[in-house]
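What follows is the content of data-v4.cif, which has mmCIF, C-alpha atoms and all ligand atoms:
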```
data_data
loop_
_atom_site.label_atom_id
_atom_site.label_comp_id
_atom_site.auth_asym_id
_atom_site.auth_seq_id
_atom_site.Cartn_x
_atom_site.Cartn_y
_atom_site.Cartn_z
CA MET J 202 -26.17 9.51 3.23
CA LYS J 203 -24.75 7.75 6.27
CA LYS J 204 -21.32 6.28 5.62
CA ALA J 205 -19.50 4.32 8.32
CA ILE J 206 -16.17 2.60 8.73
CA TYR J 207 -15.70 -0.58 10.70
CA PRO J 208 -11.95 -0.83 11.26
CA GLY J 209 -10.01 -3.71 12.74
CA SER J 210 -7.25 -6.23 12.35
CA PHE J 211 -9.60 -9.11 11.47
CA ASP J 212 -6.77 -11.63 11.89
CA PRO J 213 -8.85 -13.73 11.28
CA PRO J 214 -12.42 -12.43 10.87
CA THR J 215 -14.60 -14.13 13.52
CA LEU J 216 -18.34 -14.70 13.87
CA GLY J 217 -18.26 -11.78 16.34
CA HIS J 218 -16.93 -9.49 13.61
CA MET J 219 -19.48 -10.84 11.12
CA ASP J 220 -22.31 -10.14 13.55
CA ILE J 221 -21.16 -6.51 13.96
CA ILE J 222 -20.79 -6.17 10.17
CA SER J 223 -24.28 -7.43 9.36
CA ARG J 224 -25.91 -5.37 12.10
CA SER J 225 -24.16 -2.15 11.13
CA ALA J 226 -24.80 -2.66 7.41
CA LYS J 227 -28.51 -2.37 8.27
CA MET J 228 -27.99 0.93 10.09
CA VAL J 229 -26.08 2.88 7.47
CA ASP J 230 -26.24 3.49 3.74
CA ARG J 231 -22.67 2.44 3.13
CA LEU J 232 -20.28 0.45 5.30
CA ILE J 233 -16.54 0.31 4.72
CA VAL J 234 -14.90 -2.65 6.41
CA ALA J 235 -11.34 -1.42 6.76
CA VAL J 236 -8.49 -3.80 7.50
CA ALA J 237 -5.76 -1.98 9.36
CA CYS J 238 -2.25 -2.32 8.02
CA ASN J 239 -0.15 -2.15 11.14
CA PRO J 240 3.44 -3.19 10.42
CA SER J 241 4.31 -3.25 14.15
CA LYS J 242 1.63 -5.90 14.82
CA ARG J 243 2.57 -9.37 13.59
CA SER J 244 -0.33 -10.96 11.84
CA LEU J 245 -1.03 -14.56 10.91
CA LEU J 246 -2.96 -13.78 7.73
CA SER J 247 -1.50 -11.26 5.31
CA LEU J 248 -3.30 -7.99 4.66
CA ASP J 249 -4.36 -9.21 1.22
CA GLU J 250 -5.63 -12.50 2.63
CA ARG J 251 -7.77 -10.67 5.19
CA VAL J 252 -9.18 -8.25 2.61
CA GLU J 253 -9.94 -11.13 0.24
CA LEU J 254 -11.62 -13.19 2.97
CA LEU J 255 -13.80 -10.30 4.14
CA THR J 256 -14.70 -9.44 0.55
CA ASP J 257 -15.92 -13.01 0.02
CA LEU J 258 -17.69 -13.06 3.38
CA THR J 259 -19.62 -9.86 2.68
CA LYS J 260 -20.44 -10.34 -0.99
CA GLN J 261 -24.16 -10.77 -0.24
CA PHE J 262 -24.34 -7.18 1.05
CA SER J 263 -24.71 -4.57 -1.66
CA ASN J 264 -23.72 -1.65 0.60
CA ILE J 265 -20.40 -3.01 1.92
CA GLU J 266 -16.94 -2.25 0.61
CA VAL J 267 -13.85 -3.97 1.99
CA THR J 268 -10.49 -2.30 1.83
CA SER J 269 -7.27 -1.83 3.76
CA PHE J 270 -5.79 1.35 5.15
CA THR J 271 -2.55 2.61 6.64
CA GLY J 272 -2.00 5.57 8.89
CA LEU J 273 -4.56 7.36 11.00
CA LEU J 274 -8.11 6.11 10.88
CA VAL J 275 -9.48 9.67 10.95
CA ASP J 276 -7.46 10.56 7.84
CA PHE J 277 -8.82 7.50 6.09
CA ALA J 278 -12.34 8.45 7.21
CA THR J 279 -11.88 11.96 5.77
CA GLU J 280 -10.61 10.53 2.50
CA LYS J 281 -13.65 8.23 2.32
CA ARG J 282 -16.06 10.96 3.50
CA ALA J 283 -17.24 8.76 6.35
CA ASP J 284 -18.32 10.33 9.61
CA ILE J 285 -19.12 7.28 11.70
CA ILE J 286 -16.74 4.72 13.17
CA ILE J 287 -18.26 1.43 14.23
CA ARG J 288 -16.62 -0.59 16.98
CA GLY J 289 -17.72 -3.80 18.64
CA PHE J 290 -17.93 -3.95 22.38
CA ARG J 291 -17.42 -7.21 24.20
CA ALA J 292 -16.67 -7.64 27.87
CA ILE J 293 -15.39 -5.00 30.30
CA SER J 294 -11.87 -5.69 29.03
CA ASP J 295 -12.65 -3.70 25.86
CA PHE J 296 -13.80 -0.66 27.79
CA GLU J 297 -10.59 1.27 28.48
CA TYR J 298 -8.98 0.76 25.10
CA GLU J 299 -12.15 1.48 23.13
CA LEU J 300 -12.88 4.61 25.17
CA GLN J 301 -9.34 5.89 24.65
CA LEU J 302 -9.53 5.22 20.91
CA ALA J 303 -12.91 6.91 20.53
CA GLN J 304 -11.79 9.99 22.48
CA VAL J 305 -8.53 10.35 20.58
CA ASN J 306 -10.34 10.03 17.26
CA THR J 307 -12.76 12.78 18.31
CA MET J 308 -9.85 14.96 19.41
CA LEU J 309 -8.27 14.50 15.99
CA LYS J 310 -11.49 14.98 14.05
CA ALA J 311 -14.32 16.61 15.96
CA ASP J 312 -17.11 15.64 13.61
CA ILE J 313 -16.46 11.93 13.72
CA GLU J 314 -18.75 9.83 15.87
CA THR J 315 -17.92 6.39 17.27
CA ILE J 316 -20.83 4.01 17.62
CA PHE J 317 -20.43 0.90 19.75
CA LEU J 318 -22.44 -2.18 19.01
CA VAL J 319 -22.64 -4.55 21.93
CA SER J 320 -21.45 -8.01 21.06
CA ASP J 321 -23.97 -10.78 20.71
CA LYS J 322 -23.97 -12.86 23.90
CA ASP J 323 -22.61 -15.87 22.01
CA TYR J 324 -19.50 -13.93 20.99
CA LEU J 325 -18.82 -11.88 24.11
CA PHE J 326 -15.57 -13.66 24.83
CA LEU J 327 -14.55 -14.40 21.28
CA SER J 328 -11.40 -12.79 19.91
CA SER J 329 -9.13 -13.38 16.93
CA SER J 330 -6.27 -14.20 19.32
CA ILE J 331 -8.15 -16.98 21.09
CA VAL J 332 -9.16 -18.40 17.70
CA LYS J 333 -5.50 -18.44 16.61
CA GLU J 334 -4.48 -20.11 19.84
CA VAL J 335 -7.12 -22.85 19.55
CA ALA J 336 -6.34 -23.39 15.85
CA SER J 337 -2.61 -23.60 16.52
CA PHE J 338 -3.25 -26.68 18.68
CA GLY J 339 -5.52 -28.23 16.10
CA GLY J 340 -8.73 -27.35 17.97
CA ASP J 341 -12.12 -27.00 16.33
CA VAL J 342 -12.87 -23.35 15.57
CA SER J 343 -15.99 -23.96 13.49
CA LYS J 344 -18.24 -22.27 16.08
CA MET J 345 -15.96 -19.23 16.21
CA VAL J 346 -15.21 -18.27 12.63
CA PRO J 347 -16.97 -18.45 9.25
CA LYS J 348 -16.17 -21.56 7.18
CA LEU J 349 -13.95 -19.61 4.76
CA ALA J 350 -11.87 -18.24 7.62
CA GLU J 351 -11.58 -21.71 9.14
CA GLN J 352 -10.27 -23.04 5.83
CA ALA J 353 -7.78 -20.18 5.57
CA LEU J 354 -6.56 -20.87 9.11
CA ILE J 355 -6.16 -24.59 8.52
CA LYS J 356 -4.24 -23.90 5.31
CA LYS J 357 -2.03 -21.35 7.02
CA MET J 358 -1.31 -23.47 10.03
CA GLY J 359 -1.03 -26.67 8.01
CA GLY J 360 2.46 -27.74 9.03
CA LYS J 361 2.59 -25.87 12.31
CA ARG J 362 -0.10 -27.54 14.39
CA GLY J 363 0.93 -28.49 17.86
P1 LIG Y 1 -8.38 -4.22 16.66
O1 LIG Y 1 -6.96 -4.69 16.48
O2 LIG Y 1 -8.69 -2.90 16.03
O3 LIG Y 1 -8.93 -4.34 18.07
P2 LIG Y 1 -10.02 -6.50 16.02
O4 LIG Y 1 -10.09 -7.21 14.72
O5 LIG Y 1 -9.52 -7.28 17.18
O6 LIG Y 1 -9.18 -5.22 15.74
O7 LIG Y 1 -11.44 -5.89 16.37
C1 LIG Y 1 -12.08 -4.95 15.57
C2 LIG Y 1 -13.32 -4.47 16.28
O8 LIG Y 1 -14.23 -5.56 16.42
C3 LIG Y 1 -13.08 -3.96 17.71
O9 LIG Y 1 -13.98 -2.91 17.97
C4 LIG Y 1 -13.41 -5.16 18.57
O10 LIG Y 1 -13.83 -4.76 19.86
C5 LIG Y 1 -14.57 -5.74 17.78
N1 LIG Y 1 -14.72 -7.16 18.05
C6 LIG Y 1 -13.78 -8.12 18.02
N2 LIG Y 1 -14.29 -9.31 18.36
C7 LIG Y 1 -15.61 -9.10 18.61
C8 LIG Y 1 -16.69 -9.93 19.06
N3 LIG Y 1 -16.51 -11.21 19.35
N4 LIG Y 1 -17.91 -9.36 19.25
C9 LIG Y 1 -18.08 -8.04 19.00
N5 LIG Y 1 -17.11 -7.20 18.60
C10 LIG Y 1 -15.89 -7.72 18.41
#
```

Is it possible to give me this structure as structure tokens?
Ligand code: ADP
Amino acid sequence: MKKAIYPGSFDPPTLGHMDIISRSAKMVDRLIVAVACNPSKRSLLSLDERVELLTDLTKQFSNIEVTSFTGLLVDFATEKRADIIIRGFRAISDFEYELQLAQVNTMLKADIETIFLVSDKDYLFLSSSIVKEVASFGGDVSKMVPKLAEQALIKKMGGKRG
């Protein structure tokens, strides 16, 4: 049984994330979408909001579980008996960080494999940060995030739009 983890901040989940999720769900028996709890990184949506959103967004997949995790990803992978980490790969700017992360994770746990899925061409330059920036100025993010995430952003930013 192939069990994989797709970790990330998902603040908010974008169409780029959703594309990676649906493609990887077809490749493995079970996919755990794992929202990282990183107290040193300020997030717009709370951990619970992100988990709830992703749970709603993936409810049509029977082999996906959404959860949050703290601490080292490899420890979480061991706990969940997963041996594959899925990461999305966009432009060259992702290269150094993703390579570093994959190598460190293999150093910490030799039998874990990182698989990179190349971003769909429509989402190559799409990131959660750019979505937050556009949304903060009242811009239209409907082509960047799923409807539910757009609604969550609008609600969150309600009074704070520039
Ligand atoms: P992190 O803080 O771990 O980088 P993100 O939520 O930003 O979390 O991203 C999680 C994963 O999804 C990363 O591997 C990232 O490269 C990938 N990703 C983010 N946006 C896209 C996108 N538009 N297309 C493909 N992969 C993406």

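Taking atom CA of J:Met219 and atom CA of J:Ile233 as endpoints, the distance between them is 13.2 Å.
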
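Candidate residues J:Pro213, J:Phe296, J:Lys242, J:Thr307 were compared for distance to J:Ala336, and the nearest is J:Pro213, using all atoms listed in the file.
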
Original post:
Which distance in Å separates atom CA of J:Leu248 and atom O4 of ligand LIG 1 (chain Y), to one decimal?
Top reply: 12.2 Å

May I have a table of the residues of chain J lying at most 6 Å from ligand LIG 1 (chain Y), giving each one's closest pair of atoms and their distance in Å to one decimal, counting only C-alpha atoms and all ligand atoms, ordered by chain and ascending residue number, as a tab-separated table?
```
residue	atom	partner	partner_atom	distance
J:Pro208	CA	Y:LIG1	C1	6.0
J:Gly209	CA	Y:LIG1	O6	3.5
J:Ser210	CA	Y:LIG1	O4	3.8
J:Phe211	CA	Y:LIG1	O4	3.8
J:Gly217	CA	Y:LIG1	N3	3.5
J:His218	CA	Y:LIG1	C7	5.2
J:Arg288	CA	Y:LIG1	O9	3.7
J:Gly289	CA	Y:LIG1	N5	3.5
J:Phe290	CA	Y:LIG1	O10	4.9
J:Arg291	CA	Y:LIG1	C9	5.3
J:Ser320	CA	Y:LIG1	C9	3.9
J:Tyr324	CA	Y:LIG1	N3	4.4
J:Leu325	CA	Y:LIG1	N3	5.3
J:Leu327	CA	Y:LIG1	N3	4.2
J:Ser328	CA	Y:LIG1	N2	4.8
```

Subject >> Neighbour list for stretch 312-319 of chain J as number ranges by chain, cut-off 10 Å, only C-alpha atoms, skip fewer than 3 positions in-chain >> reply: J: 205-207, 220-222, 224-225, 275, 278-279, 283-292, 299-300, 302-304, 306-309, 322, 324-325

Print the selection's residues with C-alpha atoms to a file, as an mmCIF file, in the coordinates of the input.
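Output contents, as saved in result-v9.cif:
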```
data_model
loop_
_atom_site.group_PDB
_atom_site.id
_atom_site.type_symbol
_atom_site.label_atom_id
_atom_site.label_comp_id
_atom_site.auth_asym_id
_atom_site.auth_seq_id
_atom_site.Cartn_x
_atom_site.Cartn_y
_atom_site.Cartn_z
ATOM 1 C CA ALA J 205 -19.500 4.320 8.320
ATOM 2 C CA ILE J 206 -16.170 2.600 8.730
ATOM 3 C CA TYR J 207 -15.700 -0.580 10.700
ATOM 4 C CA ASP J 220 -22.310 -10.140 13.550
ATOM 5 C CA ILE J 221 -21.160 -6.510 13.960
ATOM 6 C CA ILE J 222 -20.790 -6.170 10.170
ATOM 7 C CA ARG J 224 -25.910 -5.370 12.100
ATOM 8 C CA SER J 225 -24.160 -2.150 11.130
ATOM 9 C CA VAL J 275 -9.480 9.670 10.950
ATOM 10 C CA ALA J 278 -12.340 8.450 7.210
ATOM 11 C CA THR J 279 -11.880 11.960 5.770
ATOM 12 C CA ALA J 283 -17.240 8.760 6.350
ATOM 13 C CA ASP J 284 -18.320 10.330 9.610
ATOM 14 C CA ILE J 285 -19.120 7.280 11.700
ATOM 15 C CA ILE J 286 -16.740 4.720 13.170
ATOM 16 C CA ILE J 287 -18.260 1.430 14.230
ATOM 17 C CA ARG J 288 -16.620 -0.590 16.980
ATOM 18 C CA GLY J 289 -17.720 -3.800 18.640
ATOM 19 C CA PHE J 290 -17.930 -3.950 22.380
ATOM 20 C CA ARG J 291 -17.420 -7.210 24.200
ATOM 21 C CA ALA J 292 -16.670 -7.640 27.870
ATOM 22 C CA GLU J 299 -12.150 1.480 23.130
ATOM 23 C CA LEU J 300 -12.880 4.610 25.170
ATOM 24 C CA LEU J 302 -9.530 5.220 20.910
ATOM 25 C CA ALA J 303 -12.910 6.910 20.530
ATOM 26 C CA GLN J 304 -11.790 9.990 22.480
ATOM 27 C CA ASN J 306 -10.340 10.030 17.260
ATOM 28 C CA THR J 307 -12.760 12.780 18.310
ATOM 29 C CA MET J 308 -9.850 14.960 19.410
ATOM 30 C CA LEU J 309 -8.270 14.500 15.990
ATOM 31 C CA LYS J 322 -23.970 -12.860 23.900
ATOM 32 C CA TYR J 324 -19.500 -13.930 20.990
ATOM 33 C CA LEU J 325 -18.820 -11.880 24.110
#
```

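The gap separating atom CA of J:Ser294 from atom CA of J:Asp323 is 16.4 Å, in Å to one decimal.
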
Original post:
Hey, which of J:Val229, J:Gly359, J:Cys238, J:Gly272 ends up closest to J:Phe338? Count only C-alpha atoms.
Top reply: J:Gly359
